[in-house]
Amino acid sequence: MSTLQILVGSTLGGTEYVAEAAQVLLEEAGFDSELHFDPDLNTLSLSEDEIWLICLSTHGAGDYPENFKSFAEQLQGVNAPLNDVRYGIIGIGDSNYDTFCEAAKNMDYILEEMGAVRIGDRLEIDVVDHPIPEDNISNWISLWIEDLNDL
Ligand SMILES: Cc1cc2nc3c(=O)[nH]c(=O)nc-3n(C[C@H](O)[C@H](O)[C@H](O)COP(=O)(O)O)c2cc1C
């Protein structure tokens, strides 16, 4: 399997810890991965075997974090279907907002519409219940790894 690409959308930095914790768990399970703190579609492949793990918080009123906006715009400019891209997605948000985890929900919807195939369910971490969100990913990552091993 090719190197997993971990794409991070974060404004305050918390989601970077989630991504780094995910990378540790994935490496313990034998998967190589690369972290992208400023995701750039030009550095990614849309070819077969491409697997993204998107770790994405929500800001503004349901918006993408600043560092993720250009990636979302780049995706809009892709005309070919993303049939060869597979992805997992972890949203981080605060349930006090009506737009809880809206950025992750939107990105999930957009990728699916473009033909990419999600691996596993979308994880949504509520910082109200989990103030240290990276402590809440191991069960989900274990299931995700099972799905990766089944590919
Ligand atoms: C100005 C601001 C706006 C926010 N808007 C939302 C929102 O619309 N929906 C949501 O689920 N969480 C929202 N949040 C909560 C953040 O997603 C949450 O604090 C998250 O942990 C931040 O992750 P980060 O440190 O990676 O940026 C907002 C937080 C701030 C400070």
# chains A, B, ... in the order shown; residues from 1 in each chain; ligands from 1

$ residues_near_ligand --ligand "ligand 1" --cutoff "8 Å" --atoms "only C-alpha atoms and all ligand atoms" --output "MDAnalysis selection string"
chainID A and resid 9:16 56:63 65 92:103 126:127 131 133

$ select_by_dssp --residues "stretch 2-116 of chain A" --states "helix (DSSP H, G or I)" --output "PyMOL selection string"
chain A and resi 14-28+41-43+66-76+102-113

$ write_last_selection --atoms "N, CA and C atoms" --output "compact mmCIF listing (two decimals), in the first residue's frame"
# COMPACT_ATOMS: atom_id res chain seq x y z
N GLY A 14 -5.17 22.52 17.55
CA GLY A 14 -5.59 21.30 18.23
C GLY A 14 -5.67 20.09 17.31
N THR A 15 -6.14 20.32 16.10
CA THR A 15 -6.33 19.21 15.17
C THR A 15 -4.99 18.65 14.68
N GLU A 16 -3.94 19.46 14.80
CA GLU A 16 -2.61 18.93 14.46
C GLU A 16 -2.23 17.80 15.42
N TYR A 17 -2.62 17.93 16.69
CA TYR A 17 -2.33 16.85 17.65
C TYR A 17 -3.12 15.59 17.31
N VAL A 18 -4.35 15.79 16.84
CA VAL A 18 -5.16 14.64 16.43
C VAL A 18 -4.46 13.91 15.29
N ALA A 19 -3.98 14.68 14.32
CA ALA A 19 -3.32 14.09 13.15
C ALA A 19 -2.03 13.37 13.57
N GLU A 20 -1.28 13.99 14.47
CA GLU A 20 -0.03 13.36 14.90
C GLU A 20 -0.30 12.09 15.69
N ALA A 21 -1.35 12.10 16.52
CA ALA A 21 -1.71 10.89 17.27
C ALA A 21 -2.15 9.80 16.30
N ALA A 22 -2.89 10.19 15.27
CA ALA A 22 -3.32 9.21 14.26
C ALA A 22 -2.11 8.62 13.57
N GLN A 23 -1.13 9.48 13.26
CA GLN A 23 0.07 8.99 12.57
C GLN A 23 0.80 7.95 13.43
N VAL A 24 0.91 8.21 14.73
CA VAL A 24 1.59 7.26 15.62
C VAL A 24 0.87 5.92 15.60
N LEU A 25 -0.46 5.95 15.72
CA LEU A 25 -1.23 4.69 15.74
C LEU A 25 -1.10 3.95 14.41
N LEU A 26 -1.11 4.70 13.32
CA LEU A 26 -0.98 4.07 12.00
C LEU A 26 0.41 3.47 11.83
N GLU A 27 1.41 4.18 12.30
CA GLU A 27 2.77 3.64 12.16
C GLU A 27 2.95 2.40 13.02
N GLU A 28 2.34 2.40 14.21
CA GLU A 28 2.41 1.19 15.06
C GLU A 28 1.80 0.00 14.35
N LEU A 41 -3.13 20.33 -3.14
CA LEU A 41 -3.50 19.24 -4.05
C LEU A 41 -2.38 18.92 -5.03
N ASN A 42 -1.55 19.93 -5.33
CA ASN A 42 -0.46 19.70 -6.29
C ASN A 42 0.60 18.74 -5.76
N THR A 43 0.64 18.55 -4.45
CA THR A 43 1.63 17.63 -3.88
C THR A 43 1.03 16.24 -3.67
N GLU A 66 -8.57 28.33 7.93
CA GLU A 66 -7.86 29.10 6.89
C GLU A 66 -6.91 28.24 6.08
N ASN A 67 -6.17 27.37 6.77
CA ASN A 67 -5.12 26.60 6.07
C ASN A 67 -5.70 25.53 5.15
N PHE A 68 -7.01 25.34 5.20
CA PHE A 68 -7.63 24.29 4.39
C PHE A 68 -8.42 24.87 3.22
N LYS A 69 -8.60 26.20 3.24
CA LYS A 69 -9.49 26.81 2.24
C LYS A 69 -8.95 26.66 0.83
N SER A 70 -7.63 26.81 0.66
CA SER A 70 -7.09 26.73 -0.70
C SER A 70 -7.20 25.30 -1.22
N PHE A 71 -7.04 24.31 -0.33
CA PHE A 71 -7.20 22.92 -0.76
C PHE A 71 -8.63 22.68 -1.24
N ALA A 72 -9.60 23.20 -0.49
CA ALA A 72 -11.01 23.03 -0.88
C ALA A 72 -11.26 23.70 -2.23
N GLU A 73 -10.63 24.86 -2.44
CA GLU A 73 -10.79 25.54 -3.74
C GLU A 73 -10.11 24.76 -4.86
N GLN A 74 -8.93 24.21 -4.56
CA GLN A 74 -8.24 23.39 -5.57
C GLN A 74 -9.12 22.21 -6.00
N LEU A 75 -9.79 21.61 -5.03
CA LEU A 75 -10.65 20.46 -5.36
C LEU A 75 -11.76 20.87 -6.32
N GLN A 76 -12.29 22.07 -6.09
CA GLN A 76 -13.37 22.55 -6.98
C GLN A 76 -12.91 22.66 -8.42
N GLU A 102 -19.35 21.08 10.66
CA GLU A 102 -19.87 21.33 9.30
C GLU A 102 -18.77 21.23 8.24
N ALA A 103 -17.56 21.65 8.57
CA ALA A 103 -16.47 21.59 7.58
C ALA A 103 -16.21 20.14 7.17
N ALA A 104 -16.14 19.26 8.17
CA ALA A 104 -15.88 17.84 7.86
C ALA A 104 -17.07 17.24 7.09
N LYS A 105 -18.27 17.63 7.50
CA LYS A 105 -19.46 17.11 6.78
C LYS A 105 -19.43 17.58 5.33
N ASN A 106 -19.10 18.86 5.11
CA ASN A 106 -19.05 19.38 3.74
C ASN A 106 -17.98 18.69 2.92
N MET A 107 -16.80 18.55 3.50
CA MET A 107 -15.70 17.93 2.75
C MET A 107 -16.04 16.48 2.39
N ASP A 108 -16.66 15.79 3.33
CA ASP A 108 -17.08 14.40 3.10
C ASP A 108 -18.07 14.35 1.93
N TYR A 109 -19.03 15.26 1.96
CA TYR A 109 -20.05 15.32 0.90
C TYR A 109 -19.41 15.61 -0.45
N ILE A 110 -18.50 16.60 -0.46
CA ILE A 110 -17.86 17.01 -1.72
C ILE A 110 -17.04 15.86 -2.31
N LEU A 111 -16.25 15.23 -1.46
CA LEU A 111 -15.41 14.13 -1.97
C LEU A 111 -16.27 12.99 -2.51
N GLU A 112 -17.35 12.68 -1.78
CA GLU A 112 -18.24 11.61 -2.24
C GLU A 112 -18.87 11.98 -3.59
N GLU A 113 -19.31 13.24 -3.69
CA GLU A 113 -19.90 13.72 -4.95
C GLU A 113 -18.90 13.62 -6.11

$ closest_residue --among "A:Trp144, A:Trp52, A:Phe31, A:Tyr64" --to "A:Asp84" --atoms "only C-alpha atoms"
A:Trp52

$ select_by_dssp --residues "chain A" --states "strand (DSSP E)" --output "PyMOL selection string"
chain A and resi 4-9+33-36+50-57+85-93+117-118+123-126

$ write_last_selection --atoms "C-alpha atoms" --output "PDB file, in the first residue's frame"
ATOM      1  CA  LEU A   4      -1.051   7.407   3.602  1.00  0.00           C
ATOM      2  CA  GLN A   5      -1.510  11.161   3.247  1.00  0.00           C
ATOM      3  CA  ILE A   6      -2.765  12.841   6.425  1.00  0.00           C
ATOM      4  CA  LEU A   7      -4.338  16.203   5.561  1.00  0.00           C
ATOM      5  CA  VAL A   8      -4.845  18.649   8.422  1.00  0.00           C
ATOM      6  CA  GLY A   9      -7.232  21.569   8.630  1.00  0.00           C
ATOM      7  CA  SER A  33       2.167   8.214   6.392  1.00  0.00           C
ATOM      8  CA  GLU A  34       2.963  11.832   5.632  1.00  0.00           C
ATOM      9  CA  LEU A  35       1.497  14.810   7.459  1.00  0.00           C
ATOM     10  CA  HIS A  36       0.302  17.849   5.474  1.00  0.00           C
ATOM     11  CA  GLU A  50      -4.132   7.169  -3.015  1.00  0.00           C
ATOM     12  CA  ILE A  51      -5.486   7.205   0.532  1.00  0.00           C
ATOM     13  CA  TRP A  52      -6.117  10.372   2.498  1.00  0.00           C
ATOM     14  CA  LEU A  53      -6.901  10.740   6.170  1.00  0.00           C
ATOM     15  CA  ILE A  54      -8.477  14.155   6.627  1.00  0.00           C
ATOM     16  CA  CYS A  55      -8.415  15.661  10.116  1.00  0.00           C
ATOM     17  CA  LEU A  56     -10.502  18.810   9.980  1.00  0.00           C
ATOM     18  CA  SER A  57     -11.861  21.251  12.531  1.00  0.00           C
ATOM     19  CA  VAL A  85      -9.001   8.350  -4.159  1.00  0.00           C
ATOM     20  CA  ARG A  86     -10.039   6.720  -0.917  1.00  0.00           C
ATOM     21  CA  TYR A  87     -10.276   8.662   2.297  1.00  0.00           C
ATOM     22  CA  GLY A  88     -11.139   8.626   5.955  1.00  0.00           C
ATOM     23  CA  ILE A  89     -12.328  11.730   7.738  1.00  0.00           C
ATOM     24  CA  ILE A  90     -12.191  12.948  11.323  1.00  0.00           C
ATOM     25  CA  GLY A  91     -14.096  16.116  12.156  1.00  0.00           C
ATOM     26  CA  ILE A  92     -13.379  18.144  15.280  1.00  0.00           C
ATOM     27  CA  GLY A  93     -15.992  20.623  16.441  1.00  0.00           C
ATOM     28  CA  VAL A 117     -14.655   6.453  -1.770  1.00  0.00           C
ATOM     29  CA  ARG A 118     -14.781   6.863   1.988  1.00  0.00           C
ATOM     30  CA  LEU A 123     -15.742  10.381  13.032  1.00  0.00           C
ATOM     31  CA  GLU A 124     -17.023  13.562  14.661  1.00  0.00           C
ATOM     32  CA  ILE A 125     -15.301  14.553  17.889  1.00  0.00           C
ATOM     33  CA  ASP A 126     -17.106  17.033  20.105  1.00  0.00           C
TER      34      ASP A 126
END
